[in-house]
Amino acid sequence: MTTQENIAIFQRFVIGNYRRFPVSLVRGEGSYVWDADGNRYLDFFPGWGCDLIGHCPPRVVKAVQDQVAQLIHLPNTWYMEAQGQLAKALVERSGMDAQCFFCNSGTEANEAAIKLARLNGKPGRYKIVTMLNSFHGRTMGALSATAQPKYHKGVEPMLAGFQYVPFGDLDAVAKVIDSETCAILVEPIQGEGGINLPPPGYIEGLRELADKHQLMLIFDEVQTGMGRTGKWYAFQNWMVQPDAVTLAKAIAGGIACGGLLAKTRFAEKLVPGTHAATFGGNPIACRAALATIETIEADGLLERAGRLADLFRKRFEALKSRCPLIQTIRIMGAMIGIELSTDGAPIVDTCLKKRLLVNCTHGNVLRLLPALNLEEGQLHEGCDILDEVLSSHKG
Ligand SMILES: *Cc1c(COP(=O)(O)O)cnc(C)c1O
């Protein structure tokens, strides 16, 4: 089937809720993908951050192939080895006295966290503080937590009980906390909101406020978790422990999987009947996640995130001195945000024409979430293209 034929089928039969590039991708390997016409692209945004260790990582492919021939699905009425092993692996790497619940996506992980916060807030406390420009998902609870009115438009009313404050502003958090507040939910680094790094003292200050008012501190690490920032969990960059963490995107090397990790004393409130996910913690996803962890450790990829950060920073700092379009460079591990003085969409389109895949978020922030095993030669290949595109762009 040609790309044009495929697009025609989409136009007739697939709901048009996504803006898609006119490209049909058919194969991937590491940081490269190929389209239906045989063109190769370098991918600096593999799988929207889900393909943290590249496309089709061999250990994940093997684990899934083995599992799919053994048992495809098991509901949570049975014990299964892989789910227990994954929970153990995630808890051990968190340094927390915690337990896990598994689901299939980031939004579901946040729904579980919201319910957990409310269950622990009883009696009387149900409000959750979240941050402007946050992104927590598209189902109604997580969407209500997402403090971006553009995503609420048309589907109101939202779920009651969210208190929005600016990201990075501790005083604002202190001011909205009242006797009905039960939790603070925050991305340690805002992803979709533009790769916004927390100001110094912010993460620590949130912990202090949560302790002072006996709130649950919940980190949405759907984008930052699993080694993206050079630590298993981004919170480990600040030596601050949350009470719960949500995970998804990269957790299973590209296979759908989400998770909530919560301190045991809070997790105890999720008794039978309070919450569930039919596909959650299925053996395929869990074995894929275990193979992802194994790959990150065997290949030294946590350390590699820091190396990528250094290399990208060097390239973009050099470019910034020549290219007035670049306003700020925000990098932590393999999370890269380049704020531009112009709309980012045409830059993304020009990069696509030059066979480099990048993302633009928040209108004017180029976002890169490269694979941790991006090779140095590939990094320079892509940065050369970005250099050329940004230098010659006529905004
Ligand atoms: C992507 C994302 C989500 C939503 O994840 P889905 O799997 O699309 O539901 C939630 N929180 C953060 C921080 C994200 O980046």
# chains A, B, ... in the order shown; residues from 1 in each chain; ligands from 1

call {"tool": "residues_around", "arguments": {"residues": "region 42-53 of chain A", "least_positions_apart": "2", "cutoff": "7 Å", "atoms": "only C-alpha atoms", "output": "short mmCIF file (atom, residue, chain, number, x, y, z; two decimals) with C-alpha atoms, in the first residue's frame"}}
result
data_model
loop_
_atom_site.label_atom_id
_atom_site.label_comp_id
_atom_site.auth_asym_id
_atom_site.auth_seq_id
_atom_site.Cartn_x
_atom_site.Cartn_y
_atom_site.Cartn_z
CA SER A 31 17.39 5.75 16.56
CA TYR A 32 16.42 5.22 12.92
CA VAL A 33 12.98 4.64 11.38
CA ARG A 40 15.33 6.57 6.50
CA HIS A 55 13.16 1.33 18.37
CA PRO A 57 15.45 -2.91 21.49
CA GLN A 223 7.85 11.43 31.04
CA LYS A 249 5.77 6.13 28.53
CA ALA A 250 9.26 4.58 28.66
CA GLY A 253 10.59 -0.07 26.08
CA GLY A 254 7.62 1.00 23.95
CA ARG A 355 14.67 13.34 7.56
CA LEU A 356 15.13 14.34 11.18
CA LEU A 357 12.23 13.75 13.60
CA VAL A 358 11.82 16.31 16.38
CA ASN A 359 8.86 17.66 18.33
CA LEU A 368 13.91 16.25 21.98
CA LEU A 369 13.54 13.00 23.91
CA PRO A 370 16.28 10.97 22.24
CA ALA A 371 16.98 7.33 22.98
CA LEU A 372 19.57 6.86 25.72
CA ASN A 373 21.59 4.72 23.32
CA GLY A 382 20.94 15.36 13.83
#

call {"tool": "residues_near_ligand", "arguments": {"ligand": "ligand 1", "cutoff": "9 Å", "atoms": "only C-alpha atoms and all ligand atoms", "output": "PyMOL selection string"}}
result
chain A and resi 48-50+104-110+134-139+142+146+186-192+219-224+246-249+256-258

call {"tool": "closest_residue", "arguments": {"among": "A:Met226, A:Ile336, A:Ala288, A:Ala87", "to": "Leu301 (chain A)", "atoms": "only C-alpha atoms"}}
result
A:Met226

call {"tool": "closest_residue", "arguments": {"among": "A:Lys394, A:Lys62, A:Arg265, A:Arg304", "to": "Leu374 (chain A)", "atoms": "only C-alpha atoms"}}
result
A:Arg304

call {"tool": "residues_around", "arguments": {"residues": "Ala160 (chain A)", "least_positions_apart": "5", "cutoff": "10 Å", "atoms": "only C-alpha atoms", "output": "ChimeraX atom specification"}}
result
/A:126-128,141,144-145

call {"tool": "write_last_selection", "arguments": {"atoms": "N, CA and C atoms", "output": "mmCIF file, in the first residue's frame"}}
result
data_model
loop_
_atom_site.group_PDB
_atom_site.id
_atom_site.type_symbol
_atom_site.label_atom_id
_atom_site.label_comp_id
_atom_site.auth_asym_id
_atom_site.auth_seq_id
_atom_site.Cartn_x
_atom_site.Cartn_y
_atom_site.Cartn_z
ATOM 1 N N TYR A 126 -10.103 16.278 49.994
ATOM 2 C CA TYR A 126 -10.162 15.725 48.640
ATOM 3 C C TYR A 126 -9.480 16.599 47.600
ATOM 4 N N LYS A 127 -9.054 17.814 47.975
ATOM 5 C CA LYS A 127 -8.484 18.731 46.977
ATOM 6 C C LYS A 127 -7.013 18.413 46.700
ATOM 7 N N ILE A 128 -6.627 18.635 45.449
ATOM 8 C CA ILE A 128 -5.246 18.356 45.035
ATOM 9 C C ILE A 128 -4.681 19.595 44.349
ATOM 10 N N GLY A 141 -10.314 12.676 35.071
ATOM 11 C CA GLY A 141 -9.638 13.023 36.325
ATOM 12 C C GLY A 141 -8.274 13.649 36.064
ATOM 13 N N SER A 144 -8.557 16.984 34.513
ATOM 14 C CA SER A 144 -8.911 18.024 35.479
ATOM 15 C C SER A 144 -7.673 18.461 36.264
ATOM 16 N N ALA A 145 -6.761 17.521 36.490
ATOM 17 C CA ALA A 145 -5.501 17.860 37.171
ATOM 18 C C ALA A 145 -4.604 18.689 36.259
#

call {"tool": "residues_around", "arguments": {"residues": "region 174-181 of chain A", "least_positions_apart": "6", "cutoff": "9 Å", "atoms": "only C-alpha atoms", "output": "ChimeraX atom specification"}}
result
/A:121,124-129,161,163-165,209,213,215

call {"tool": "select_by_dssp", "arguments": {"residues": "region 203-301 of chain A", "states": "helix (DSSP H, G or I)", "output": "PyMOL selection string"}}
result
chain A and resi 203-213+234-237+249-252+264-267+283-298+301

call {"tool": "write_last_selection", "arguments": {"atoms": "N, CA, C and O atoms", "output": "short mmCIF file (atom, residue, chain, number, x, y, z; two decimals), in the first residue's frame"}}
result
data_model
loop_
_atom_site.label_atom_id
_atom_site.label_comp_id
_atom_site.auth_asym_id
_atom_site.auth_seq_id
_atom_site.Cartn_x
_atom_site.Cartn_y
_atom_site.Cartn_z
N ILE A 203 11.59 21.55 44.62
CA ILE A 203 11.19 20.17 44.92
C ILE A 203 11.30 19.93 46.44
O ILE A 203 10.39 19.36 47.06
N GLU A 204 12.38 20.41 47.04
CA GLU A 204 12.57 20.26 48.48
C GLU A 204 11.46 21.02 49.24
O GLU A 204 10.94 20.54 50.25
N GLY A 205 11.13 22.22 48.74
CA GLY A 205 10.10 23.03 49.38
C GLY A 205 8.72 22.39 49.32
O GLY A 205 7.93 22.51 50.27
N LEU A 206 8.44 21.70 48.22
CA LEU A 206 7.16 21.00 48.11
C LEU A 206 7.08 19.89 49.16
O LEU A 206 6.03 19.66 49.78
N ARG A 207 8.20 19.20 49.35
CA ARG A 207 8.24 18.13 50.36
C ARG A 207 7.95 18.72 51.75
O ARG A 207 7.19 18.15 52.53
N GLU A 208 8.56 19.86 52.04
CA GLU A 208 8.35 20.50 53.35
C GLU A 208 6.89 20.90 53.54
O GLU A 208 6.31 20.69 54.61
N LEU A 209 6.31 21.48 52.50
CA LEU A 209 4.90 21.89 52.60
C LEU A 209 3.99 20.68 52.78
O LEU A 209 3.05 20.70 53.58
N ALA A 210 4.28 19.60 52.04
CA ALA A 210 3.47 18.39 52.16
C ALA A 210 3.57 17.83 53.58
O ALA A 210 2.56 17.43 54.18
N ASP A 211 4.77 17.83 54.13
CA ASP A 211 4.95 17.31 55.49
C ASP A 211 4.21 18.19 56.51
O ASP A 211 3.53 17.68 57.39
N LYS A 212 4.36 19.49 56.33
CA LYS A 212 3.77 20.43 57.28
C LYS A 212 2.24 20.28 57.33
O LYS A 212 1.63 20.36 58.39
N HIS A 213 1.63 20.05 56.18
CA HIS A 213 0.16 19.99 56.11
C HIS A 213 -0.36 18.56 55.97
O HIS A 213 -1.55 18.36 55.70
N ALA A 234 13.35 10.87 38.34
CA ALA A 234 13.90 12.23 38.34
C ALA A 234 14.05 12.76 39.76
O ALA A 234 14.99 13.52 40.04
N PHE A 235 13.15 12.34 40.68
CA PHE A 235 13.24 12.88 42.04
C PHE A 235 14.58 12.56 42.70
O PHE A 235 15.01 13.24 43.62
N GLN A 236 15.26 11.54 42.21
CA GLN A 236 16.55 11.18 42.78
C GLN A 236 17.64 12.21 42.46
O GLN A 236 18.71 12.20 43.04
N ASN A 237 17.35 13.13 41.55
CA ASN A 237 18.26 14.24 41.31
C ASN A 237 18.24 15.26 42.44
O ASN A 237 19.11 16.11 42.54
N LYS A 249 4.91 5.92 29.72
CA LYS A 249 5.77 6.13 28.53
C LYS A 249 6.91 5.12 28.36
O LYS A 249 6.74 4.13 27.70
N ALA A 250 8.07 5.37 28.97
CA ALA A 250 9.26 4.58 28.66
C ALA A 250 9.37 3.28 29.44
O ALA A 250 10.29 2.50 29.22
N ILE A 251 8.44 3.04 30.34
CA ILE A 251 8.62 1.98 31.34
C ILE A 251 8.84 0.59 30.73
O ILE A 251 9.58 -0.23 31.26
N ALA A 252 8.24 0.33 29.57
CA ALA A 252 8.35 -1.03 29.01
C ALA A 252 8.95 -1.01 27.60
O ALA A 252 8.60 -1.82 26.75
N THR A 264 4.05 2.32 51.18
CA THR A 264 3.17 1.25 51.64
C THR A 264 2.03 1.76 52.52
O THR A 264 0.89 1.34 52.37
N ARG A 265 2.34 2.71 53.40
CA ARG A 265 1.28 3.15 54.34
C ARG A 265 0.15 3.89 53.60
O ARG A 265 -0.96 3.95 54.10
N PHE A 266 0.45 4.46 52.43
CA PHE A 266 -0.62 5.07 51.63
C PHE A 266 -1.25 4.01 50.72
O PHE A 266 -2.47 3.98 50.54
N ALA A 267 -0.42 3.14 50.15
CA ALA A 267 -0.89 2.12 49.21
C ALA A 267 -1.92 1.19 49.84
O ALA A 267 -2.80 0.66 49.15
N PRO A 283 1.48 -9.99 31.57
CA PRO A 283 2.85 -10.53 31.51
C PRO A 283 3.67 -10.00 30.33
O PRO A 283 4.89 -9.89 30.45
N ILE A 284 3.04 -9.64 29.23
CA ILE A 284 3.83 -9.12 28.10
C ILE A 284 4.46 -7.78 28.49
O ILE A 284 5.65 -7.55 28.33
N ALA A 285 3.62 -6.89 29.03
CA ALA A 285 4.13 -5.57 29.42
C ALA A 285 5.18 -5.69 30.51
O ALA A 285 6.22 -5.01 30.46
N CYS A 286 4.94 -6.55 31.48
CA CYS A 286 5.88 -6.66 32.59
C CYS A 286 7.22 -7.24 32.14
O CYS A 286 8.28 -6.79 32.57
N ARG A 287 7.17 -8.23 31.26
CA ARG A 287 8.44 -8.79 30.78
C ARG A 287 9.17 -7.78 29.91
O ARG A 287 10.41 -7.71 29.92
N ALA A 288 8.42 -6.99 29.15
CA ALA A 288 9.06 -5.93 28.35
C ALA A 288 9.73 -4.91 29.27
O ALA A 288 10.84 -4.44 29.00
N ALA A 289 9.07 -4.57 30.37
CA ALA A 289 9.63 -3.59 31.31
C ALA A 289 10.88 -4.16 31.98
O ALA A 289 11.89 -3.45 32.14
N LEU A 290 10.83 -5.43 32.36
CA LEU A 290 12.01 -6.05 32.98
C LEU A 290 13.19 -6.07 32.00
O LEU A 290 14.33 -5.80 32.37
N ALA A 291 12.90 -6.33 30.73
CA ALA A 291 13.96 -6.34 29.71
C ALA A 291 14.50 -4.92 29.48
O ALA A 291 15.68 -4.75 29.15
N THR A 292 13.64 -3.92 29.66
CA THR A 292 14.09 -2.53 29.52
C THR A 292 15.07 -2.19 30.65
O THR A 292 16.13 -1.61 30.42
N ILE A 293 14.70 -2.56 31.87
CA ILE A 293 15.58 -2.31 33.02
C ILE A 293 16.92 -3.03 32.83
O ILE A 293 17.99 -2.46 33.04
N GLU A 294 16.83 -4.27 32.37
CA GLU A 294 18.04 -5.06 32.16
C GLU A 294 18.95 -4.38 31.13
O GLU A 294 20.17 -4.28 31.30
N THR A 295 18.34 -3.85 30.06
CA THR A 295 19.12 -3.18 29.01
C THR A 295 19.78 -1.92 29.55
O THR A 295 20.97 -1.66 29.30
N ILE A 296 19.03 -1.13 30.29
CA ILE A 296 19.57 0.12 30.83
C ILE A 296 20.77 -0.17 31.73
O ILE A 296 21.80 0.50 31.66
N GLU A 297 20.66 -1.24 32.53
CA GLU A 297 21.77 -1.56 33.43
C GLU A 297 22.94 -2.20 32.69
O GLU A 297 24.09 -1.80 32.88
N ALA A 298 22.65 -3.15 31.83
CA ALA A 298 23.74 -3.86 31.13
C ALA A 298 24.52 -2.91 30.23
O ALA A 298 25.73 -3.05 30.06
N LEU A 301 23.20 2.79 30.61
CA LEU A 301 22.48 3.90 29.95
C LEU A 301 22.09 5.04 30.90
O LEU A 301 21.83 6.14 30.44
#

call {"tool": "select_by_dssp", "arguments": {"residues": "region 258-339 of chain A", "states": "strand (DSSP E or B)", "output": "CSV table (one decimal) with N, CA, C and O atoms, in the first residue's frame"}}
result
chain,number,residue,atom,x,y,z
A,258,GLY,N,1.7,1.2,32.4
A,258,GLY,CA,1.7,2.3,33.3
A,258,GLY,C,1.8,1.8,34.7
A,258,GLY,O,1.5,0.6,34.9
A,259,GLY,N,2.2,2.6,35.6
A,259,GLY,CA,2.4,2.1,37.0
A,259,GLY,C,2.3,3.3,38.0
A,259,GLY,O,2.5,4.4,37.7
A,260,LEU,N,1.8,2.9,39.2
A,260,LEU,CA,1.8,3.8,40.3
A,260,LEU,C,2.6,3.1,41.4
A,260,LEU,O,2.4,1.9,41.7
A,261,LEU,N,3.6,3.8,41.9
A,261,LEU,CA,4.4,3.3,43.0
A,261,LEU,C,4.1,4.2,44.2
A,261,LEU,O,4.1,5.4,44.1
A,262,ALA,N,3.6,3.6,45.3
A,262,ALA,CA,3.2,4.4,46.4
A,262,ALA,C,3.8,3.9,47.7
A,262,ALA,O,3.9,2.6,47.9
A,263,LYS,N,4.1,4.8,48.6
A,263,LYS,CA,4.6,4.3,49.9
A,263,LYS,C,3.6,3.4,50.5
A,263,LYS,O,2.4,3.6,50.5
A,326,ILE,N,17.2,31.2,19.1
A,326,ILE,CA,17.2,30.4,20.3
A,326,ILE,C,17.2,31.3,21.5
A,326,ILE,O,18.1,32.2,21.7
A,327,GLN,N,16.2,31.2,22.3
A,327,GLN,CA,16.1,32.0,23.5
A,327,GLN,C,16.7,31.3,24.7
A,327,GLN,O,17.6,31.9,25.4
A,328,THR,N,16.2,30.1,25.1
A,328,THR,CA,16.8,29.4,26.2
A,328,THR,C,17.0,27.9,25.9
A,328,THR,O,16.3,27.4,25.0
A,329,ILE,N,17.9,27.3,26.6
A,329,ILE,CA,18.2,25.9,26.4
A,329,ILE,C,18.0,25.2,27.7
A,329,ILE,O,18.6,25.7,28.7
A,330,ARG,N,17.1,24.3,27.7
A,330,ARG,CA,16.8,23.6,29.0
A,330,ARG,C,17.0,22.1,28.8
A,330,ARG,O,16.3,21.5,28.1
A,331,ILE,N,18.0,21.6,29.6
A,331,ILE,CA,18.4,20.2,29.4
A,331,ILE,C,18.6,19.5,30.7
A,331,ILE,O,19.2,20.1,31.6
A,332,MET,N,18.0,18.3,30.8
A,332,MET,CA,18.3,17.5,32.0
A,332,MET,C,18.4,16.1,31.5
A,332,MET,O,17.3,15.5,31.1
A,335,MET,N,16.4,14.9,28.2
A,335,MET,CA,15.2,15.7,28.0
A,335,MET,C,15.8,17.1,27.6
A,335,MET,O,16.5,17.7,28.4
A,336,ILE,N,15.4,17.5,26.4
A,336,ILE,CA,16.0,18.7,25.8
A,336,ILE,C,14.9,19.6,25.3
A,336,ILE,O,14.1,19.2,24.5
A,337,GLY,N,14.9,20.8,25.8
A,337,GLY,CA,13.9,21.8,25.4
A,337,GLY,C,14.7,23.1,24.9
A,337,GLY,O,15.6,23.6,25.6
A,338,ILE,N,14.4,23.5,23.7
A,338,ILE,CA,15.0,24.7,23.1
A,338,ILE,C,13.9,25.7,22.8
A,338,ILE,O,13.1,25.5,21.9
A,339,GLU,N,13.9,26.7,23.6
A,339,GLU,CA,12.8,27.7,23.5
A,339,GLU,C,13.2,28.7,22.4
A,339,GLU,O,14.3,29.2,22.4
